[in-house]
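Data file: query15.txt. Format and content: compact mmCIF, C-alpha atoms.
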```
# COMPACT_ATOMS: atom_id res chain seq x y z
CA MET T 1 14.05 -50.80 68.17
CA LYS T 2 12.06 -47.56 67.87
CA LYS T 3 12.84 -46.62 71.51
CA ARG T 4 16.52 -47.36 71.14
CA GLY T 5 16.65 -45.34 67.91
CA ALA T 6 14.80 -42.48 69.48
CA GLY T 7 17.16 -42.41 72.44
CA ALA T 8 20.22 -42.48 70.24
CA GLY T 9 18.79 -39.66 68.12
CA ALA T 10 18.07 -37.59 71.21
CA LYS T 11 21.61 -38.05 72.51
CA ALA T 12 23.08 -37.20 69.12
CA GLY T 13 20.90 -34.13 68.91
CA ALA T 14 21.84 -33.05 72.41
CA GLY T 15 25.52 -33.58 71.68
CA ALA T 16 25.26 -31.62 68.47
CA GLY T 17 23.43 -28.82 70.26
CA ALA T 18 26.04 -28.70 72.98
CA LYS T 19 28.80 -28.49 70.43
CA ALA T 20 26.96 -25.80 68.58
CA GLY T 21 26.51 -23.88 71.82
CA ALA T 22 30.19 -24.25 72.65
CA GLY T 23 31.05 -23.04 69.15
CA ALA T 24 28.81 -20.03 69.58
CA LYS T 25 30.44 -19.20 72.89
CA ALA T 26 33.88 -19.57 71.39
CA GLY T 27 32.88 -17.38 68.48
CA ALA T 28 31.41 -14.80 70.79
CA GLY T 29 34.55 -14.84 72.94
CA ALA T 30 36.80 -14.52 69.93
CA GLY T 31 34.70 -11.67 68.62
CA ALA T 32 34.83 -9.89 71.97
CA LYS T 33 38.61 -10.29 72.11
CA ALA T 34 38.94 -9.04 68.59
CA GLY T 35 36.76 -6.05 69.42
CA ALA T 36 38.76 -5.31 72.55
CA GLY T 37 41.95 -5.54 70.53
CA ALA T 38 40.58 -3.17 67.96
CA GLY T 39 39.55 -0.73 70.69
CA ALA T 40 43.00 -0.89 72.26
CA GLY T 41 44.56 -0.31 68.85
CA ALA T 42 42.36 2.71 68.29
CA LYS T 43 43.29 4.14 71.68
CA ALA T 44 46.97 3.50 71.03
CA GLY T 45 46.71 5.22 67.65
CA ALA T 46 44.92 8.17 69.14
CA GLY T 47 47.56 8.42 71.86
CA ALA T 48 50.37 8.26 69.34
CA LYS T 49 48.79 11.03 67.26
CA ALA T 50 48.26 13.15 70.34
CA GLY T 51 51.86 12.59 71.44
CA ALA T 52 53.17 13.43 68.00
CA GLY T 53 51.11 16.61 67.96
CA THR T 54 52.44 17.59 71.37
CA LYS T 55 56.05 17.05 70.31
CA ALA T 56 55.52 18.97 67.10
CA GLY T 57 53.95 21.83 69.01
CA ALA T 58 56.80 21.87 71.51
CA GLY T 59 59.39 22.21 68.72
CA THR T 60 57.64 25.15 67.05
CA LYS T 61 57.91 28.60 68.61
CA THR T 62 54.62 30.46 68.72
CA ARG T 63 54.50 33.28 66.21
CA ARG T 64 54.24 36.75 67.74
CA ARG T 65 52.02 39.55 66.50
CA LEU T 66 54.00 42.79 66.79
CA THR T 67 53.60 46.32 65.56
CA ALA T 68 55.99 47.35 62.77
CA GLU T 69 58.08 49.40 65.19
CA ASP T 70 58.24 46.65 67.82
CA ALA T 71 59.06 44.01 65.22
CA ARG T 72 61.94 46.08 63.82
CA ALA T 73 63.35 46.72 67.30
CA ALA T 74 63.04 43.03 68.28
CA ILE T 75 64.79 41.91 65.07
CA LEU T 76 67.69 44.32 65.64
CA GLU T 77 68.02 43.24 69.27
CA ALA T 78 68.13 39.56 68.29
CA ALA T 79 70.65 40.28 65.51
CA GLU T 80 72.88 42.25 67.90
CA LYS T 81 72.83 39.39 70.42
CA ARG T 82 73.77 36.84 67.77
CA LEU T 83 76.56 39.04 66.36
CA ARG T 84 78.03 39.65 69.82
CA GLU T 85 77.98 35.94 70.74
CA ALA T 86 78.76 34.20 67.44
CA GLY T 87 80.21 36.84 65.12
CA PRO T 88 79.08 37.47 61.51
CA ASP T 89 78.33 33.77 60.94
CA GLY T 90 75.57 34.08 63.54
CA LEU T 91 73.60 36.54 61.40
CA ARG T 92 71.29 34.09 59.66
CA LEU T 93 67.91 35.60 58.90
CA GLN T 94 65.97 32.36 59.44
CA GLU T 95 67.50 31.90 62.91
CA ILE T 96 66.96 35.54 63.83
CA ALA T 97 63.32 35.21 62.77
CA ARG T 98 62.97 32.11 64.97
CA ASP T 99 64.54 33.93 67.92
CA VAL T 100 61.98 36.72 67.61
CA GLY T 101 59.05 34.40 66.88
CA ILE T 102 58.25 35.80 63.42
CA SER T 103 58.56 34.52 59.87
CA HIS T 104 61.59 34.89 57.61
CA PRO T 105 59.59 37.01 55.09
CA THR T 106 58.78 39.44 57.91
CA VAL T 107 62.50 40.10 58.42
CA LEU T 108 62.90 40.73 54.70
CA HIS T 109 59.87 43.02 54.75
CA HIS T 110 61.53 45.30 57.31
CA PHE T 111 65.14 45.24 56.08
CA GLY T 112 65.08 43.96 52.50
CA SER T 113 68.15 41.71 52.83
CA ARG T 114 70.89 40.58 55.20
CA GLU T 115 72.97 43.57 54.11
CA GLY T 116 70.11 45.91 54.91
CA LEU T 117 69.80 44.37 58.37
CA VAL T 118 73.53 44.76 59.01
CA SER T 119 73.46 48.43 57.95
CA ALA T 120 70.58 49.13 60.32
CA LEU T 121 72.40 47.24 63.07
CA VAL T 122 75.52 49.38 62.60
CA ALA T 123 73.52 52.61 62.93
CA ARG T 124 71.63 51.33 65.98
CA THR T 125 74.78 50.11 67.74
CA MET T 126 76.92 53.16 67.08
CA LEU T 127 74.26 55.73 67.88
CA GLY T 128 73.24 53.83 71.01
CA LEU T 129 76.85 53.67 72.17
CA GLU T 130 77.34 57.37 71.51
CA ASP T 131 74.23 58.19 73.54
CA GLU T 132 75.69 56.25 76.46
CA LEU T 133 79.09 57.93 76.11
CA VAL T 134 77.52 61.39 76.00
CA ALA T 135 75.56 60.54 79.16
CA CYS T 136 78.77 59.36 80.85
CA PHE T 137 80.85 62.44 80.06
CA ALA T 138 78.01 64.94 80.49
CA GLU T 139 78.01 64.25 84.24
CA ALA T 140 81.76 64.74 84.66
CA ARG T 141 82.43 67.98 86.56
CA GLY T 142 86.04 67.53 87.66
CA PRO T 143 89.11 65.25 87.73
CA ALA T 144 87.51 62.84 90.20
CA ASP T 145 84.46 62.52 87.94
CA LEU T 146 86.69 61.68 84.98
CA THR T 147 87.94 58.54 86.75
CA ALA T 148 84.37 57.47 87.48
CA THR T 149 83.43 58.21 83.87
CA MET T 150 86.24 55.99 82.57
CA ALA T 151 84.90 53.19 84.78
CA ARG T 152 81.41 53.65 83.32
CA VAL T 153 82.79 53.57 79.77
CA ASP T 154 84.70 50.37 80.63
CA HIS T 155 81.45 48.85 81.85
CA VAL T 156 79.74 49.66 78.56
CA MET T 157 82.65 48.47 76.42
CA ARG T 158 83.85 45.39 78.29
CA GLU T 159 81.17 44.06 80.62
CA ARG T 160 78.27 44.70 78.25
CA GLY T 161 80.26 43.47 75.23
CA GLN T 162 80.04 46.64 73.11
CA ALA T 163 83.76 46.52 72.25
CA ARG T 164 83.39 43.01 70.87
CA LEU T 165 80.34 44.04 68.87
CA LEU T 166 82.14 47.06 67.39
CA ALA T 167 85.12 44.87 66.49
CA TRP T 168 82.88 42.46 64.56
CA LEU T 169 81.24 45.35 62.72
CA ALA T 170 84.63 46.81 61.82
CA LEU T 171 85.87 43.45 60.53
CA MET T 172 82.76 43.21 58.37
CA GLY T 173 83.77 46.48 56.72
CA GLN T 174 80.67 48.36 57.81
CA ASP T 175 80.71 52.16 57.72
CA THR T 176 79.86 54.13 60.83
CA PRO T 177 76.93 56.58 60.83
CA GLY T 178 77.43 59.86 58.99
CA ARG T 179 78.40 63.07 60.74
CA SER T 180 74.81 64.33 60.60
CA GLU T 181 73.70 61.36 62.72
CA SER T 182 76.70 60.91 65.01
CA ARG T 183 76.88 62.50 68.45
CA MET T 184 80.66 62.33 68.71
CA ARG T 185 80.95 66.03 67.82
CA GLU T 186 78.54 66.78 70.66
CA LEU T 187 80.62 64.62 72.97
CA ALA T 188 83.82 66.46 72.01
CA THR T 189 82.09 69.80 72.59
CA LEU T 190 80.94 68.71 76.06
CA VAL T 191 84.42 67.57 77.06
CA HIS T 192 85.99 70.74 75.69
CA ALA T 193 83.55 72.94 77.63
CA ALA T 194 84.49 71.06 80.83
CA ARG T 195 88.18 71.62 80.07
CA GLU T 196 87.64 75.33 79.53
CA ALA T 197 85.85 75.61 82.88
CA LEU T 198 88.53 73.69 84.80
CA SER T 199 91.77 74.77 83.09
CA ASP T 200 93.92 77.77 83.92
CA GLU T 201 94.86 78.11 80.26
CA GLU T 202 92.58 78.03 77.24
CA PRO T 203 92.90 74.57 75.64
CA SER T 204 92.77 73.96 71.92
CA PHE T 205 89.85 72.03 70.50
CA ASP T 206 92.25 69.78 68.59
CA ASP T 207 93.91 68.79 71.86
CA THR T 208 90.50 67.92 73.32
CA VAL T 209 89.64 65.79 70.29
CA TYR T 210 92.95 63.91 70.49
CA GLY T 211 92.52 63.35 74.22
CA LEU T 212 89.03 61.99 73.63
CA LEU T 213 90.35 59.75 70.88
CA LEU T 214 93.06 58.43 73.21
CA ALA T 215 90.50 57.71 75.92
CA SER T 216 88.18 55.96 73.43
CA VAL T 217 90.93 53.82 71.87
CA SER T 218 92.28 52.98 75.33
CA THR T 219 88.97 51.77 76.74
CA PHE T 220 88.10 49.92 73.53
CA GLY T 221 91.48 48.17 73.35
CA ALA T 222 91.55 47.36 77.05
CA ALA T 223 88.08 45.83 76.86
CA LEU T 224 88.90 43.79 73.77
CA ILE T 225 92.48 42.58 74.21
CA GLY T 226 93.49 43.98 77.61
CA PRO T 227 93.06 40.74 79.57
CA GLY T 228 95.15 38.78 77.07
CA LEU T 229 97.95 41.34 77.03
CA LEU T 230 98.02 41.49 80.82
CA ARG T 231 98.34 37.69 81.03
CA MET T 232 101.22 37.78 78.53
CA MET T 233 103.01 40.26 80.83
CA GLY T 234 102.41 38.09 83.89
CA ARG T 235 99.82 40.43 85.35
CA PRO T 236 96.34 39.67 86.70
CA SER T 237 93.73 39.93 83.96
CA ASP T 238 90.64 40.42 86.07
CA GLY T 239 88.28 43.36 86.41
CA PRO T 240 90.12 45.10 89.27
CA GLU T 241 93.37 45.19 87.28
CA LEU T 242 91.59 46.73 84.28
CA ALA T 243 89.91 49.23 86.62
CA ARG T 244 93.36 50.27 87.91
CA PHE T 245 94.55 50.70 84.33
CA ASN T 246 91.56 52.89 83.45
CA ALA T 247 92.16 55.01 86.57
CA TRP T 248 95.80 55.42 85.51
CA VAL T 249 94.73 56.57 82.04
CA ALA T 250 92.28 59.03 83.59
CA GLU T 251 95.05 60.50 85.78
CA LEU T 252 97.26 60.78 82.71
CA LEU T 253 94.57 62.71 80.83
CA VAL T 254 93.85 64.97 83.81
CA SER T 255 97.55 65.77 84.16
CA HIS T 256 97.89 66.52 80.44
CA ALA T 257 94.76 68.68 80.38
CA GLY T 258 95.91 70.69 83.40
CA LEU T 259 92.57 70.33 85.13
CA ARG T 260 92.09 71.67 88.61
CA GLU T 261 89.78 70.41 91.31
```
Could you rewrite the structure in this file as structure tokens?
Amino acid sequence: MKKRGAGAGAKAGAGAGAKAGAGAKAGAGAGAKAGAGAGAGAKAGAGAKAGAGTKAGAGTKTRRRLTAEDARAAILEAAEKRLREAGPDGLRLQEIARDVGISHPTVLHHFGSREGLVSALVARTMLGLEDELVACFAEARGPADLTATMARVDHVMRERGQARLLAWLALMGQDTPGRSESRMRELATLVHAAREALSDEEPSFDDTVYGLLLASVSTFGAALIGPGLLRMMGRPSDGPELARFNAWVAELLVSHAGLRE
């Protein structure tokens, strides 16, 4: 009886120990799986945060550190580009600041308001255009040069979009720079001096001014609405056709001015 009881107890003990061991293994396995799951979750979370940070960084333009002069010039350049492409509705200070890579308060610091920015843009555009026109006409030395000059003015007005920009500024009711700033008087004087050197008779300054006005209005109008008007008349509306028109205007002006080769 004692032997049989001892054997049964040993078997029961061994069975219990085996079960306990199996339970320990199961627990250890479950713990390991849980730990692995936690580690994977941590890695996934870290990856998600890193990805979110990368996306956020990609959507934010890096701020630029500019001198006051460079910042002002960059703001005006960005504003001019937006006005030329989108009209007055494109002049939003927050978007201009983003284009330049600066803050909105920085734009206000330099120009005070949207109106202040527009006023500065008008002065920059008009004076810059006048500088280019003076450079164009200053090199004209005879009738043949006048035709080439008209082509250069057409390039500035039409191909570079200055006519469209001036039209937007005019529609916004912006004043042009004052006489003390403008170079149009200098331009008229240059053209008149060329006329005096190339004419058999002494021309009047008024006639020179009106001729310059005609040339300016012609190139501006041709650049702005010329293609549309040509299409309405069944004519080609491409660059070569406008170049022929500008050459015709130049010949008309040369004939009126009585210029000699």
Point to revise | Which of T:Phe137, T:Phe111, T:Trp168, T:Tyr210 sits closest to Pro88 of chain T [using all atoms listed in the file] | key: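 Selected residue with least distance to Pro88 of chain T: T:Trp168.
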Practice item. Mind giving me the straight-line distance from atom CA of Lys81 of chain T to atom CA of Leu212 of chain T in Å, one decimal? Key: 28.0 Å
Neighbours of Ala170 of chain T within 12 Å (only C-alpha atoms; same-chain residues fewer than 2 positions away dropped), as a PDB file with C-alpha atoms, in the frame of the given file?
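Result file around-v2.pdb:
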```pdb
ATOM      1  CA  GLY T  87      80.210  36.840  65.120  1.00  0.00           C
ATOM      2  CA  PRO T  88      79.080  37.470  61.510  1.00  0.00           C
ATOM      3  CA  VAL T 118      73.530  44.760  59.010  1.00  0.00           C
ATOM      4  CA  SER T 119      73.460  48.430  57.950  1.00  0.00           C
ATOM      5  CA  VAL T 122      75.520  49.380  62.600  1.00  0.00           C
ATOM      6  CA  THR T 125      74.780  50.110  67.740  1.00  0.00           C
ATOM      7  CA  MET T 126      76.920  53.160  67.080  1.00  0.00           C
ATOM      8  CA  ALA T 163      83.760  46.520  72.250  1.00  0.00           C
ATOM      9  CA  ARG T 164      83.390  43.010  70.870  1.00  0.00           C
ATOM     10  CA  LEU T 165      80.340  44.040  68.870  1.00  0.00           C
ATOM     11  CA  LEU T 166      82.140  47.060  67.390  1.00  0.00           C
ATOM     12  CA  ALA T 167      85.120  44.870  66.490  1.00  0.00           C
ATOM     13  CA  TRP T 168      82.880  42.460  64.560  1.00  0.00           C
ATOM     14  CA  MET T 172      82.760  43.210  58.370  1.00  0.00           C
ATOM     15  CA  GLY T 173      83.770  46.480  56.720  1.00  0.00           C
ATOM     16  CA  GLN T 174      80.670  48.360  57.810  1.00  0.00           C
ATOM     17  CA  ASP T 175      80.710  52.160  57.720  1.00  0.00           C
ATOM     18  CA  THR T 176      79.860  54.130  60.830  1.00  0.00           C
TER      19      THR T 176
END
```
Can you list every residue of segment 194-246 of chain T that has an atom at most 12 Å from segment 252-258 of chain T, with its nearest atom pair and the distance in Å to one decimal, using all atoms listed in the file, ordered by chain then number, as CSV?
```
residue,atom,partner,partner_atom,distance
T:Ala194,CA,T:Ala257,CA,10.6
T:Arg195,CA,T:Ala257,CA,7.2
T:Glu196,CA,T:Ala257,CA,9.8
T:Ala197,CA,T:Gly258,CA,11.2
T:Leu198,CA,T:Gly258,CA,8.1
T:Ser199,CA,T:Gly258,CA,5.8
T:Asp200,CA,T:Gly258,CA,7.4
T:Glu201,CA,T:Gly258,CA,8.1
T:Glu202,CA,T:Ala257,CA,10.1
T:Pro203,CA,T:Ala257,CA,7.8
T:Ser204,CA,T:Ala257,CA,10.2
T:Phe205,CA,T:Ala257,CA,11.5
T:Asp207,CA,T:Ala257,CA,8.6
T:Thr208,CA,T:Ala257,CA,8.3
T:Val209,CA,T:Ala257,CA,11.7
T:Tyr210,CA,T:Leu253,CA,10.5
T:Gly211,CA,T:Leu253,CA,7.0
T:Leu212,CA,T:Leu253,CA,9.1
T:Leu213,CA,T:Leu253,CA,11.2
T:Leu214,CA,T:Leu253,CA,8.9
T:Ala215,CA,T:Leu253,CA,8.1
T:Ser216,CA,T:Leu253,CA,11.9
T:Ser218,CA,T:Leu253,CA,11.4
T:Phe245,CA,T:Leu252,CA,10.6
T:Asn246,CA,T:Leu252,CA,9.8
```
Extract, using only C-alpha atoms, all DNA, RNA and protein residues at most 12 Å from segment 90-107 of chain T, discarding same-chain residues fewer than 6 positions from it, and format them as a PDB file with C-alpha atoms, keeping the file's coordinate frame.
```pdb
ATOM      1  CA  GLY T  59      59.390  22.210  68.720  1.00  0.00           C
ATOM      2  CA  THR T  60      57.640  25.150  67.050  1.00  0.00           C
ATOM      3  CA  LYS T  61      57.910  28.600  68.610  1.00  0.00           C
ATOM      4  CA  THR T  62      54.620  30.460  68.720  1.00  0.00           C
ATOM      5  CA  ARG T  63      54.500  33.280  66.210  1.00  0.00           C
ATOM      6  CA  ARG T  64      54.240  36.750  67.740  1.00  0.00           C
ATOM      7  CA  ARG T  65      52.020  39.550  66.500  1.00  0.00           C
ATOM      8  CA  LEU T  66      54.000  42.790  66.790  1.00  0.00           C
ATOM      9  CA  THR T  67      53.600  46.320  65.560  1.00  0.00           C
ATOM     10  CA  ALA T  68      55.990  47.350  62.770  1.00  0.00           C
ATOM     11  CA  ASP T  70      58.240  46.650  67.820  1.00  0.00           C
ATOM     12  CA  ALA T  71      59.060  44.010  65.220  1.00  0.00           C
ATOM     13  CA  ARG T  72      61.940  46.080  63.820  1.00  0.00           C
ATOM     14  CA  ALA T  73      63.350  46.720  67.300  1.00  0.00           C
ATOM     15  CA  ALA T  74      63.040  43.030  68.280  1.00  0.00           C
ATOM     16  CA  ILE T  75      64.790  41.910  65.070  1.00  0.00           C
ATOM     17  CA  LEU T  76      67.690  44.320  65.640  1.00  0.00           C
ATOM     18  CA  GLU T  77      68.020  43.240  69.270  1.00  0.00           C
ATOM     19  CA  ALA T  78      68.130  39.560  68.290  1.00  0.00           C
ATOM     20  CA  ALA T  79      70.650  40.280  65.510  1.00  0.00           C
ATOM     21  CA  GLU T  80      72.880  42.250  67.900  1.00  0.00           C
ATOM     22  CA  LYS T  81      72.830  39.390  70.420  1.00  0.00           C
ATOM     23  CA  ARG T  82      73.770  36.840  67.770  1.00  0.00           C
ATOM     24  CA  LEU T  83      76.560  39.040  66.360  1.00  0.00           C
ATOM     25  CA  ARG T  84      78.030  39.650  69.820  1.00  0.00           C
ATOM     26  CA  SER T 113      68.150  41.710  52.830  1.00  0.00           C
ATOM     27  CA  ARG T 114      70.890  40.580  55.200  1.00  0.00           C
ATOM     28  CA  GLU T 115      72.970  43.570  54.110  1.00  0.00           C
ATOM     29  CA  GLY T 116      70.110  45.910  54.910  1.00  0.00           C
ATOM     30  CA  LEU T 117      69.800  44.370  58.370  1.00  0.00           C
ATOM     31  CA  VAL T 118      73.530  44.760  59.010  1.00  0.00           C
ATOM     32  CA  LEU T 121      72.400  47.240  63.070  1.00  0.00           C
ATOM     33  CA  TRP T 168      82.880  42.460  64.560  1.00  0.00           C
ATOM     34  CA  LEU T 169      81.240  45.350  62.720  1.00  0.00           C
ATOM     35  CA  MET T 172      82.760  43.210  58.370  1.00  0.00           C
TER      36      MET T 172
END
```
Exercise for review: Work out how far atom CA of Glu69 of chain T is from atom CA of Gly112 of chain T, in Å to one decimal.
Suggested key: 15.5 Å
Review point. Smallest atom-to-atom distance to Ala123 of chain T: which of T:Thr219, T:Asp238, T:Ala247, T:Arg183, using all atoms listed in the file?
Key: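 Closest residue, counting all atoms listed in the file: T:Arg183.
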Point to revise | Long-range neighbours of Leu190 of chain T as a list in words, 10 Å cut-off, all atoms listed in the file, 2 positions minimum in chain | key: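 Residues meeting the cut-off are Val134, Phe137, Ala138, Glu139, Ala140, Met184, Arg185, Glu186, Leu187, Ala188, His192, Ala193, Ala194, Arg195 and Thr208 of chain T.
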Please put the answer as AutoDock Vina command-line options: centre and edge lengths, in Å with one decimal, of a box along x, y and z that encloses all listed atoms of segment 70-73 of chain T plus 6 Å on each side.
```
--center_x 60.8 --center_y 45.4 --center_z 65.8 --size_x 17.1 --size_y 14.7 --size_z 16.0
```
Check your understanding: Smallest atom-to-atom distance to Arg244 of chain T: which of T:Asp154, T:Gly161, T:Leu229, T:Val191, using all atoms listed in the file?
Key ->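 Closest candidate: T:Asp154.
Ranking T:Leu224, T:Leu129, T:Ala86, T:Ala144 by their shortest atom-to-atom distance to Leu259 of chain T, with only C-alpha atoms included, puts T:Ala144 first.
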Check your understanding: Hey, can you check how far atom CA of Thr149 of chain T sits from atom CA of Arg231 of chain T?
Key ->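 Atom CA of Arg231 of chain T lies at a distance of 25.5 Å from atom CA of Thr149 of chain T.
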